[in-house]
>>> print(open('input.txt').read())   # compact mmCIF, C-alpha atoms
# COMPACT_ATOMS: atom_id res chain seq x y z
CA MET Z 256 55.00 -45.52 -132.64
CA PHE Z 257 55.19 -42.52 -130.31
CA THR Z 258 57.98 -43.55 -127.92
CA ARG Z 259 58.96 -42.40 -124.44
CA ARG Z 260 62.33 -41.32 -125.83
CA PHE Z 261 60.68 -39.05 -128.40
CA SER Z 262 58.37 -37.70 -125.71
CA GLY Z 263 61.33 -36.80 -123.50
CA LEU Z 264 63.25 -35.21 -126.37
CA TRP Z 265 60.21 -33.15 -127.35
CA GLY Z 266 59.86 -31.95 -123.76
CA ILE Z 267 63.49 -30.80 -123.61
CA ILE Z 268 63.33 -28.98 -126.96
CA SER Z 269 60.02 -27.25 -126.23
CA PHE Z 270 61.10 -26.18 -122.74
CA THR Z 271 64.43 -24.89 -124.08
CA ILE Z 272 62.62 -22.75 -126.63
CA MET Z 273 60.30 -21.42 -123.93
CA ALA Z 274 63.23 -20.61 -121.61
CA VAL Z 275 65.08 -18.75 -124.37
CA VAL Z 276 61.96 -16.74 -125.21
CA VAL Z 277 61.38 -15.79 -121.57
CA VAL Z 278 64.99 -14.66 -121.02
CA SER Z 279 64.94 -12.76 -124.32
CA ILE Z 280 61.83 -10.87 -123.23
CA LEU Z 281 63.52 -9.91 -119.96
CA VAL Z 282 66.50 -8.58 -121.90
CA LEU Z 283 64.37 -6.69 -124.43
CA LEU Z 284 62.44 -5.04 -121.63
CA GLU Z 285 65.78 -3.77 -120.29
CA LEU Z 286 65.01 -4.94 -116.80
CA PRO Z 287 67.67 -4.70 -114.06
CA SER Z 288 70.53 -7.18 -114.37
CA ILE Z 289 69.55 -8.92 -111.13
CA VAL Z 290 66.10 -9.64 -112.53
CA ILE Z 291 67.53 -10.99 -115.77
CA TRP Z 292 70.04 -13.18 -113.92
CA CYS Z 293 67.43 -14.51 -111.50
CA GLY Z 294 65.05 -15.24 -114.35
CA SER Z 295 67.80 -17.00 -116.29
CA LEU Z 296 68.81 -19.10 -113.30
CA PHE Z 297 65.19 -20.02 -112.59
CA ALA Z 298 64.59 -21.02 -116.22
CA GLY Z 299 67.88 -22.95 -116.26
CA GLY Z 300 66.93 -24.83 -113.11
CA LEU Z 301 63.58 -25.82 -114.53
CA LEU Z 302 65.28 -26.92 -117.76
CA PHE Z 303 67.71 -29.04 -115.74
CA LEU Z 304 64.80 -30.76 -113.99
CA GLN Z 305 63.13 -31.30 -117.37
CA VAL Z 306 66.28 -33.01 -118.67
CA ILE Z 307 66.51 -35.23 -115.57
CA SER Z 308 62.83 -36.15 -115.89
CA ALA Z 309 63.25 -36.97 -119.59
CA LEU Z 310 66.31 -39.14 -119.00
CA ARG Z 311 64.67 -41.06 -116.15
CA GLY Z 312 61.36 -41.32 -117.97
CA SER Z 313 62.99 -42.64 -121.14
CA ALA Z 314 65.09 -45.28 -119.38
CA LYS Z 315 64.59 -48.97 -119.97
CA ARG Z 316 62.32 -50.72 -117.49
CA SER Z 317 63.95 -53.00 -114.98
CA GLN Z 318 61.04 -55.41 -115.49
CA GLU Z 319 60.68 -56.99 -118.92
CA PHE Z 320 56.90 -56.98 -119.32
CA SER Z 321 54.79 -56.03 -122.31
CA ALA Z 322 52.96 -52.85 -121.33
CA PHE Z 323 51.54 -49.69 -122.81
CA GLU Z 324 54.03 -46.83 -122.84
CA HIS Z 325 53.54 -43.77 -120.66
CA ASN Z 326 54.62 -41.49 -123.51
CA LYS Z 327 52.57 -38.41 -122.74
CA LEU Z 328 53.82 -35.52 -124.85
CA GLY Z 329 56.90 -34.09 -123.13
CA ASP Z 330 56.26 -36.18 -120.01
CA PRO Z 331 57.63 -39.73 -120.29
CA VAL Z 332 57.55 -42.03 -117.27
CA THR Z 333 59.38 -45.30 -116.68
CA GLU Z 334 56.82 -47.41 -114.85
CA GLU Z 335 57.74 -49.93 -112.20
CA PHE Z 336 55.04 -52.49 -111.48
CA GLN Z 337 54.48 -53.38 -107.85
CA PRO Z 338 51.86 -55.94 -106.81
CA PRO Z 339 49.33 -54.84 -104.18
CA TYR Z 340 49.89 -58.23 -102.56
CA ASN Z 341 52.12 -61.18 -103.38
CA ARG Z 342 53.39 -64.28 -101.68
CA SER Z 343 55.69 -66.72 -103.44
CA LEU Z 344 53.88 -69.96 -104.14
CA PRO Z 345 55.55 -72.61 -106.34
CA PHE Z 346 53.56 -74.10 -109.19
CA ASP Z 347 53.16 -77.86 -109.47
CA SER Z 348 51.96 -80.26 -112.16
CA THR Z 349 48.59 -80.84 -110.50
CA GLU Z 350 47.59 -77.18 -110.57
CA THR Z 351 45.09 -76.32 -113.26
CA VAL Z 352 42.86 -73.41 -114.24
CA LEU Z 353 39.43 -73.82 -112.66
CA ALA Z 354 38.04 -70.46 -113.80
CA TRP Z 355 39.29 -67.34 -115.53
CA CYS Z 356 37.94 -63.85 -116.06
CA ALA Z 357 39.05 -61.00 -118.31
CA PRO Z 358 39.10 -58.11 -118.26
CA VAL Z 359 39.04 -57.23 -114.58
CA MET Z 360 39.93 -53.88 -113.04
CA GLN Z 361 41.03 -53.01 -109.53
CA VAL Z 362 38.74 -50.42 -107.96
CA ASN Z 363 38.86 -48.39 -104.75
CA SER Z 364 36.25 -48.16 -102.06
CA LEU Z 365 35.23 -44.85 -100.47
CA ALA Z 366 37.69 -45.57 -97.66
CA ASP Z 367 40.48 -45.85 -100.24
CA LEU Z 368 39.36 -42.86 -102.28
CA PHE Z 369 42.66 -41.02 -101.92
CA LYS Z 370 44.86 -44.00 -102.65
CA VAL Z 371 46.52 -43.74 -106.04
CA GLY Z 372 47.26 -46.81 -108.17
CA SER Z 373 49.83 -45.03 -110.37
CA TRP Z 374 52.09 -42.14 -109.45
CA GLY Z 375 55.44 -40.74 -110.50
CA PHE Z 376 58.11 -38.13 -109.82
CA LEU Z 377 60.73 -36.78 -112.24
CA GLY Z 378 60.16 -39.51 -114.81
CA LYS Z 379 60.01 -42.50 -112.43
CA GLY Z 380 56.61 -44.00 -111.65
CA LYS Z 381 55.13 -46.87 -109.67
CA THR Z 382 51.97 -48.75 -110.52
CA THR Z 383 50.00 -51.08 -108.23
CA ASN Z 384 46.84 -51.61 -110.31
CA ALA Z 385 48.00 -52.76 -113.76
CA GLU Z 386 46.46 -56.26 -113.66
CA ASN Z 387 43.59 -56.92 -116.07
CA ALA Z 388 43.04 -60.70 -115.91
CA LEU Z 389 42.31 -63.24 -113.18
CA LEU Z 390 42.79 -67.01 -113.00
CA LEU Z 391 41.60 -69.35 -110.25
CA THR Z 392 43.44 -72.60 -109.55
CA GLN Z 393 43.30 -75.12 -106.72
CA LYS Z 394 45.95 -73.11 -104.85
CA ARG Z 395 45.74 -69.43 -105.80
CA LEU Z 396 44.18 -66.44 -107.42
CA LEU Z 397 46.64 -65.49 -110.16
CA PHE Z 398 46.43 -61.92 -111.46
CA LEU Z 399 48.03 -60.97 -114.78
CA MET Z 400 48.65 -57.90 -116.88
CA ILE Z 401 48.04 -58.84 -120.49
CA GLY Z 402 50.02 -56.27 -122.45
CA PRO Z 403 50.06 -55.22 -126.11
CA ASP Z 404 52.36 -58.02 -127.30
CA SER Z 405 50.05 -60.78 -126.04
CA LEU Z 406 46.96 -58.89 -127.11
CA LYS Z 407 48.20 -58.54 -130.68
CA ARG Z 408 49.36 -62.16 -130.76
CA TYR Z 409 46.28 -63.88 -129.36
CA SER Z 410 43.38 -61.55 -130.12
CA SER Z 411 41.76 -62.04 -133.52
CA SER Z 412 41.10 -58.32 -133.99
CA PRO Z 413 43.29 -56.14 -131.72
CA LYS Z 414 42.10 -52.81 -133.14
CA VAL Z 415 41.88 -50.95 -129.82
CA THR Z 416 45.27 -52.29 -128.71
CA SER Z 417 46.99 -51.23 -131.93
CA LEU Z 418 45.50 -47.74 -131.69
CA LEU Z 419 46.45 -47.23 -128.05
CA GLU Z 420 49.99 -48.47 -128.65
CA THR Z 421 50.64 -45.86 -131.34
CA LEU Z 422 49.14 -42.88 -129.52
CA PRO Z 423 50.87 -40.67 -126.95
CA GLY Z 424 49.35 -40.55 -123.51
CA ASP Z 425 49.26 -41.74 -119.93
CA ALA Z 426 49.79 -45.51 -119.60
CA SER Z 427 47.18 -45.97 -116.87
CA ALA Z 428 44.67 -44.05 -119.01
CA LYS Z 429 45.39 -46.42 -121.89
CA ARG Z 430 44.72 -49.40 -119.65
CA ARG Z 431 41.40 -47.88 -118.62
CA MET Z 432 40.53 -47.26 -122.26
CA LEU Z 433 41.35 -50.89 -123.03
CA TRP Z 434 38.93 -51.92 -120.27
CA GLN Z 435 36.21 -49.67 -121.67
CA MET Z 436 36.61 -50.32 -125.39
CA GLY Z 437 38.79 -53.42 -125.82
CA ALA Z 438 37.26 -55.90 -123.38
CA SER Z 439 36.80 -58.56 -126.07
CA GLU Z 440 40.47 -58.27 -127.02
CA VAL Z 441 41.61 -58.95 -123.45
CA HIS Z 442 39.12 -61.83 -123.13
CA ASP Z 443 40.30 -63.47 -126.37
CA ALA Z 444 43.96 -62.99 -125.50
CA LEU Z 445 43.62 -64.67 -122.10
CA ALA Z 446 41.75 -67.59 -123.69
CA GLY Z 447 44.60 -68.02 -126.18
CA LEU Z 448 47.27 -67.77 -123.50
CA ILE Z 449 45.59 -70.42 -121.33
CA ALA Z 450 45.23 -72.76 -124.30
CA LYS Z 451 48.88 -72.53 -125.39
CA GLU Z 452 50.96 -71.82 -122.28
CA ASN Z 453 51.28 -73.50 -118.91
CA LEU Z 454 50.63 -71.58 -115.73
CA GLU Z 455 54.23 -71.20 -114.60
CA HIS Z 456 55.40 -69.88 -117.98
CA LEU Z 457 52.40 -67.56 -118.14
CA ALA Z 458 53.26 -66.08 -114.74
CA GLN Z 459 56.94 -65.70 -115.61
CA THR Z 460 56.41 -63.94 -118.95
CA HIS Z 461 53.74 -61.49 -117.76
CA TYR Z 462 53.52 -59.07 -114.87
CA SER Z 463 51.70 -61.21 -112.32
CA PHE Z 464 51.13 -61.85 -108.66
CA SER Z 465 49.50 -64.58 -106.61
CA ILE Z 466 47.16 -64.56 -103.67
CA PRO Z 467 47.22 -68.07 -102.14
CA LEU Z 468 43.74 -69.27 -101.29
CA ASN Z 469 44.95 -70.07 -97.78
CA ASP Z 470 45.75 -66.37 -97.27
CA ILE Z 471 42.20 -65.24 -98.04
CA SER Z 472 39.97 -64.66 -95.03
CA SER Z 473 36.79 -63.90 -96.98
CA VAL Z 474 35.43 -63.21 -100.44
CA THR Z 475 32.39 -60.99 -100.85
CA PRO Z 476 30.62 -60.73 -104.21
CA SER Z 477 28.41 -57.82 -105.19
CA PRO Z 478 26.58 -59.02 -108.33
CA HIS Z 479 24.69 -55.76 -108.78
CA ASN Z 480 27.94 -53.77 -109.08
CA ARG Z 481 29.90 -56.71 -110.58
CA ILE Z 482 32.51 -56.30 -107.83
CA LEU Z 483 34.42 -58.95 -105.91
CA LYS Z 484 35.94 -57.99 -102.56
CA ILE Z 485 38.92 -60.06 -101.38
CA GLN Z 486 40.05 -59.70 -97.78
CA ARG Z 487 43.33 -60.96 -96.39
CA ASP Z 488 45.65 -59.89 -93.55
CA GLY Z 489 43.52 -56.85 -92.78
CA VAL Z 490 43.84 -55.54 -96.35
CA THR Z 491 41.04 -55.46 -98.91
CA LEU Z 492 41.26 -55.66 -102.69
CA GLN Z 493 38.25 -55.02 -104.91
CA TYR Z 494 37.89 -55.96 -108.57
CA CYS Z 495 35.22 -55.03 -111.08
CA PHE Z 496 34.16 -57.57 -113.71
CA LYS Z 497 32.76 -56.91 -117.15
CA THR Z 498 29.86 -59.36 -116.81
CA LYS Z 499 27.75 -60.58 -113.91
CA GLU Z 500 28.00 -64.12 -115.28
CA GLU Z 501 31.80 -64.21 -114.91
CA LEU Z 502 31.59 -62.95 -111.34
CA THR Z 503 28.89 -65.49 -110.40
CA SER Z 504 30.82 -68.37 -111.95
CA LEU Z 505 34.04 -67.42 -110.15
CA THR Z 506 32.29 -66.95 -106.81
CA ASP Z 507 30.63 -70.34 -107.19
CA LYS Z 508 34.02 -71.98 -107.77
CA LEU Z 509 35.53 -70.19 -104.76
CA ALA Z 510 32.67 -71.35 -102.56
CA LYS Z 511 33.18 -74.96 -103.64
CA LEU Z 512 36.84 -74.67 -102.66
CA GLY Z 513 35.75 -73.91 -99.11
CA LEU Z 514 36.37 -70.19 -98.84
CA LEU Z 515 34.10 -68.24 -96.52
CA THR Z 516 31.95 -66.01 -98.71
CA ASP Z 517 28.65 -64.21 -98.55
CA PHE Z 518 27.65 -66.48 -101.41
CA GLN Z 519 27.86 -69.47 -99.05
CA LYS Z 520 25.86 -67.70 -96.35
CA LYS Z 521 22.98 -67.06 -98.73
CA THR Z 522 22.88 -70.66 -99.91
>>> encode(input="input.txt", output="structure tokens")
Amino acid sequence: MFTRRFSGLWGIISFTIMAVVVVSILVLLELPSIVIWCGSLFAGGLLFLQVISALRGSAKRSQEFSAFEHNKLGDPVTEEFQPPYNRSLPFDSTETVLAWCAPVMQVNSLADLFKVGSWGFLGKGKTTNAENALLLTQKRLLFLMIGPDSLKRYSSSPKVTSLLETLPGDASAKRRMLWQMGASEVHDALAGLIAKENLEHLAQTHYSFSIPLNDISSVTPSPHNRILKIQRDGVTLQYCFKTKEELTSLTDKLAKLGLLTDFQKKT
């Protein structure tokens, strides 16, 4: 597997070689000493930043979640997952899964065009759009990130997952590729997780966040685009679904739970 540590080490080695070559050229050209010294200091400063970035990007995550590695060649990033919305809501024995959908993907509206779901600086990154699965219970919408470990364990043929895990690259790009080419793997994995694990354990062992149903002011489905818009506290989240049938089924269940939706208005 191409690791973040190897990516960082490769970045340091390659940049060191480049810095030595540049300084050597300055010397061979017999440029003034001030130019050589300035060039050396500049190259040394950039190398120092490269080392810092590699060390930070190769560090262990503070959150123990299965996730694709951001191991882009020479540019590792230690991702920190931050939910776009979360309110603590205890689980109880009466709470069950009423509907589930996978994969799902957070999308931006035109108004949010310049908002970035993943960003980083000097090897440290933050991600607010890593979730790829959705569960509806009597009390909440529970969003999960199903990572490589669960995908390989519960999917019958995790070919896309295995390929993405071994390749270098940007972690968010790998998640998008999983959405595009590995939808069946995510779907099968969530089905297996629901069948074998209870809700509380599922939420504790995966990156997850809850949106209590009481916090939701409205839910607006767009079947043509397969998008569900969730509004709460003046903030809007939008999710794209792989099939229209999953979106319709979920919206129907939400309407029956008494949430104000455009679905209810039309019926």
>>> closest_atom_pairs(input="input.txt", of="segment 398-465 of chain Z", to="segment 329-352 of chain Z", cutoff="8 Å", atoms="all atoms listed in the file", output="CSV")
residue,atom,partner,partner_atom,distance
Z:Leu454,CA,Z:Phe346,CA,7.6
Z:Glu455,CA,Z:Phe346,CA,6.2
Z:Tyr462,CA,Z:Phe336,CA,7.6
Z:Ser463,CA,Z:Pro338,CA,7.6
Z:Phe464,CA,Z:Asn341,CA,5.4
Z:Ser465,CA,Z:Asn341,CA,5.4
>>> closest_residue(input="input.txt", among="Z:Arg260, Z:Ala298, Z:Val290, Z:Ala510", to="Ile272 of chain Z", atoms="all atoms listed in the file")
Z:Ala298
>>> residues_around(input="input.txt", residues="Phe320 of chain Z", least_positions_apart="5", cutoff="12 Å", atoms="only C-alpha atoms", output="number ranges by chain")
Z: 315, 334-336, 385-386, 399-405, 457-463
>>> residues_around(input="input.txt", residues="segment 423-439 of chain Z", least_positions_apart="5", cutoff="7 Å", atoms="all atoms listed in the file", output="PyMOL selection string")
chain Z and resi 257+323-328+358+415
>>> closest_residue(input="input.txt", among="Z:Val282, Z:Leu304, Z:Val441, Z:Leu468", to="Val359 of chain Z", atoms="only C-alpha atoms")
Z:Val441
>>> atom_distance(input="input.txt", atom1="atom CA of Ala314 of chain Z", atom2="atom CA of Thr383 of chain Z")
19.6 Å
>>> atom_distance(input="input.txt", atom1="atom CA of Phe376 of chain Z", atom2="atom CA of Leu422 of chain Z")
22.2 Å
>>> residues_near_point(input="input.txt", point="(64.7, -37.3, -120.8)", cutoff="9 Å", atoms="only C-alpha atoms", output="PyMOL selection string")
chain Z and resi 259-267+305-314+329-331+378
>>> write_last_selection(input="input.txt", atoms="C-alpha atoms", output="PDB file, keeping the file's coordinate frame")
ATOM      1  CA  ARG Z 259      58.960 -42.400-124.440  1.00  0.00           C
ATOM      2  CA  ARG Z 260      62.330 -41.320-125.830  1.00  0.00           C
ATOM      3  CA  PHE Z 261      60.680 -39.050-128.400  1.00  0.00           C
ATOM      4  CA  SER Z 262      58.370 -37.700-125.710  1.00  0.00           C
ATOM      5  CA  GLY Z 263      61.330 -36.800-123.500  1.00  0.00           C
ATOM      6  CA  LEU Z 264      63.250 -35.210-126.370  1.00  0.00           C
ATOM      7  CA  TRP Z 265      60.210 -33.150-127.350  1.00  0.00           C
ATOM      8  CA  GLY Z 266      59.860 -31.950-123.760  1.00  0.00           C
ATOM      9  CA  ILE Z 267      63.490 -30.800-123.610  1.00  0.00           C
ATOM     10  CA  GLN Z 305      63.130 -31.300-117.370  1.00  0.00           C
ATOM     11  CA  VAL Z 306      66.280 -33.010-118.670  1.00  0.00           C
ATOM     12  CA  ILE Z 307      66.510 -35.230-115.570  1.00  0.00           C
ATOM     13  CA  SER Z 308      62.830 -36.150-115.890  1.00  0.00           C
ATOM     14  CA  ALA Z 309      63.250 -36.970-119.590  1.00  0.00           C
ATOM     15  CA  LEU Z 310      66.310 -39.140-119.000  1.00  0.00           C
ATOM     16  CA  ARG Z 311      64.670 -41.060-116.150  1.00  0.00           C
ATOM     17  CA  GLY Z 312      61.360 -41.320-117.970  1.00  0.00           C
ATOM     18  CA  SER Z 313      62.990 -42.640-121.140  1.00  0.00           C
ATOM     19  CA  ALA Z 314      65.090 -45.280-119.380  1.00  0.00           C
ATOM     20  CA  GLY Z 329      56.900 -34.090-123.130  1.00  0.00           C
ATOM     21  CA  ASP Z 330      56.260 -36.180-120.010  1.00  0.00           C
ATOM     22  CA  PRO Z 331      57.630 -39.730-120.290  1.00  0.00           C
ATOM     23  CA  GLY Z 378      60.160 -39.510-114.810  1.00  0.00           C
TER      24      GLY Z 378
END
>>> build_atoms(input="input.txt", residues="segment 307-318 of chain Z", atoms="all heavy atoms", output="PDB file, in the frame of the given file")
ATOM      1  N   ILE Z 307      66.453 -34.084-116.488  1.00  0.00           N
ATOM      2  CA  ILE Z 307      66.510 -35.230-115.570  1.00  0.00           C
ATOM      3  C   ILE Z 307      65.253 -36.088-115.722  1.00  0.00           C
ATOM      4  O   ILE Z 307      65.319 -37.318-115.797  1.00  0.00           O
ATOM      5  CB  ILE Z 307      66.655 -34.759-114.114  1.00  0.00           C
ATOM      6  CG1 ILE Z 307      67.993 -34.046-113.923  1.00  0.00           C
ATOM      7  CG2 ILE Z 307      66.534 -35.942-113.155  1.00  0.00           C
ATOM      8  CD1 ILE Z 307      69.200 -34.908-114.175  1.00  0.00           C
ATOM      9  N   SER Z 308      64.099 -35.432-115.755  1.00  0.00           N
ATOM     10  CA  SER Z 308      62.830 -36.150-115.890  1.00  0.00           C
ATOM     11  C   SER Z 308      62.786 -36.919-117.208  1.00  0.00           C
ATOM     12  O   SER Z 308      62.330 -38.077-117.253  1.00  0.00           O
ATOM     13  CB  SER Z 308      61.663 -35.171-115.811  1.00  0.00           C
ATOM     14  OG  SER Z 308      60.433 -35.837-115.966  1.00  0.00           O
ATOM     15  N   ALA Z 309      63.265 -36.309-118.286  1.00  0.00           N
ATOM     16  CA  ALA Z 309      63.250 -36.970-119.590  1.00  0.00           C
ATOM     17  C   ALA Z 309      64.178 -38.173-119.615  1.00  0.00           C
ATOM     18  O   ALA Z 309      63.835 -39.226-120.170  1.00  0.00           O
ATOM     19  CB  ALA Z 309      63.645 -35.971-120.676  1.00  0.00           C
ATOM     20  N   LEU Z 310      65.359 -38.031-119.014  1.00  0.00           N
ATOM     21  CA  LEU Z 310      66.310 -39.140-119.000  1.00  0.00           C
ATOM     22  C   LEU Z 310      65.766 -40.308-118.165  1.00  0.00           C
ATOM     23  O   LEU Z 310      65.855 -41.476-118.569  1.00  0.00           O
ATOM     24  CB  LEU Z 310      67.654 -38.680-118.427  1.00  0.00           C
ATOM     25  CG  LEU Z 310      68.447 -37.699-119.305  1.00  0.00           C
ATOM     26  CD1 LEU Z 310      69.703 -37.225-118.570  1.00  0.00           C
ATOM     27  CD2 LEU Z 310      68.827 -38.355-120.631  1.00  0.00           C
ATOM     28  N   ARG Z 311      65.219 -40.008-117.004  1.00  0.00           N
ATOM     29  CA  ARG Z 311      64.670 -41.060-116.150  1.00  0.00           C
ATOM     30  C   ARG Z 311      63.421 -41.684-116.771  1.00  0.00           C
ATOM     31  O   ARG Z 311      63.203 -42.897-116.698  1.00  0.00           O
ATOM     32  CB  ARG Z 311      64.331 -40.486-114.762  1.00  0.00           C
ATOM     33  CG  ARG Z 311      65.544 -40.244-113.895  1.00  0.00           C
ATOM     34  CD  ARG Z 311      65.261 -39.237-112.783  1.00  0.00           C
ATOM     35  NE  ARG Z 311      64.128 -39.597-111.973  1.00  0.00           N
ATOM     36  CZ  ARG Z 311      64.183 -40.273-110.812  1.00  0.00           C
ATOM     37  NH1 ARG Z 311      65.353 -40.693-110.372  1.00  0.00           N
ATOM     38  NH2 ARG Z 311      63.101 -40.513-110.118  1.00  0.00           N
ATOM     39  N   GLY Z 312      62.595 -40.829-117.382  1.00  0.00           N
ATOM     40  CA  GLY Z 312      61.360 -41.320-117.970  1.00  0.00           C
ATOM     41  C   GLY Z 312      61.556 -42.105-119.248  1.00  0.00           C
ATOM     42  O   GLY Z 312      60.672 -42.866-119.660  1.00  0.00           O
ATOM     43  N   SER Z 313      62.707 -41.935-119.897  1.00  0.00           N
ATOM     44  CA  SER Z 313      62.990 -42.640-121.140  1.00  0.00           C
ATOM     45  C   SER Z 313      63.819 -43.899-120.918  1.00  0.00           C
ATOM     46  O   SER Z 313      64.116 -44.618-121.867  1.00  0.00           O
ATOM     47  CB  SER Z 313      63.727 -41.723-122.122  1.00  0.00           C
ATOM     48  OG  SER Z 313      62.993 -40.539-122.361  1.00  0.00           O
ATOM     49  N   ALA Z 314      64.215 -44.146-119.677  1.00  0.00           N
ATOM     50  CA  ALA Z 314      65.090 -45.280-119.380  1.00  0.00           C
ATOM     51  C   ALA Z 314      64.373 -46.611-119.593  1.00  0.00           C
ATOM     52  O   ALA Z 314      63.146 -46.697-119.561  1.00  0.00           O
ATOM     53  CB  ALA Z 314      65.581 -45.182-117.933  1.00  0.00           C
ATOM     54  N   LYS Z 315      65.146 -47.634-119.789  1.00  0.00           N
ATOM     55  CA  LYS Z 315      64.590 -48.970-119.970  1.00  0.00           C
ATOM     56  C   LYS Z 315      64.038 -49.485-118.651  1.00  0.00           C
ATOM     57  O   LYS Z 315      64.614 -49.270-117.589  1.00  0.00           O
ATOM     58  CB  LYS Z 315      65.678 -49.925-120.477  1.00  0.00           C
ATOM     59  CG  LYS Z 315      65.179 -51.316-120.808  1.00  0.00           C
ATOM     60  CD  LYS Z 315      66.313 -52.187-121.335  1.00  0.00           C
ATOM     61  CE  LYS Z 315      65.810 -53.585-121.655  1.00  0.00           C
ATOM     62  NZ  LYS Z 315      66.918 -54.453-122.146  1.00  0.00           N
ATOM     63  N   ARG Z 316      62.902 -50.154-118.716  1.00  0.00           N
ATOM     64  CA  ARG Z 316      62.320 -50.720-117.490  1.00  0.00           C
ATOM     65  C   ARG Z 316      63.213 -51.812-116.930  1.00  0.00           C
ATOM     66  O   ARG Z 316      63.848 -52.559-117.659  1.00  0.00           O
ATOM     67  CB  ARG Z 316      60.944 -51.341-117.793  1.00  0.00           C
ATOM     68  CG  ARG Z 316      59.849 -50.358-118.152  1.00  0.00           C
ATOM     69  CD  ARG Z 316      58.515 -51.092-118.151  1.00  0.00           C
ATOM     70  NE  ARG Z 316      57.443 -50.251-118.662  1.00  0.00           N
ATOM     71  CZ  ARG Z 316      57.026 -50.262-119.913  1.00  0.00           C
ATOM     72  NH1 ARG Z 316      57.608 -51.065-120.778  1.00  0.00           N
ATOM     73  NH2 ARG Z 316      56.057 -49.468-120.308  1.00  0.00           N
ATOM     74  N   SER Z 317      63.219 -51.906-115.624  1.00  0.00           N
ATOM     75  CA  SER Z 317      63.950 -53.000-114.980  1.00  0.00           C
ATOM     76  C   SER Z 317      63.183 -54.306-115.091  1.00  0.00           C
ATOM     77  O   SER Z 317      63.752 -55.387-114.946  1.00  0.00           O
ATOM     78  CB  SER Z 317      64.185 -52.668-113.495  1.00  0.00           C
ATOM     79  OG  SER Z 317      62.946 -52.484-112.824  1.00  0.00           O
ATOM     80  N   GLN Z 318      61.882 -54.217-115.365  1.00  0.00           N
ATOM     81  CA  GLN Z 318      61.040 -55.410-115.490  1.00  0.00           C
ATOM     82  C   GLN Z 318      60.642 -55.576-116.960  1.00  0.00           C
ATOM     83  O   GLN Z 318      60.128 -54.658-117.592  1.00  0.00           O
ATOM     84  CB  GLN Z 318      59.781 -55.256-114.630  1.00  0.00           C
ATOM     85  CG  GLN Z 318      60.103 -55.027-113.161  1.00  0.00           C
ATOM     86  CD  GLN Z 318      58.976 -54.286-112.458  1.00  0.00           C
ATOM     87  OE1 GLN Z 318      58.606 -53.187-112.836  1.00  0.00           O
ATOM     88  NE2 GLN Z 318      58.434 -54.902-111.422  1.00  0.00           N
TER      89      GLN Z 318
END
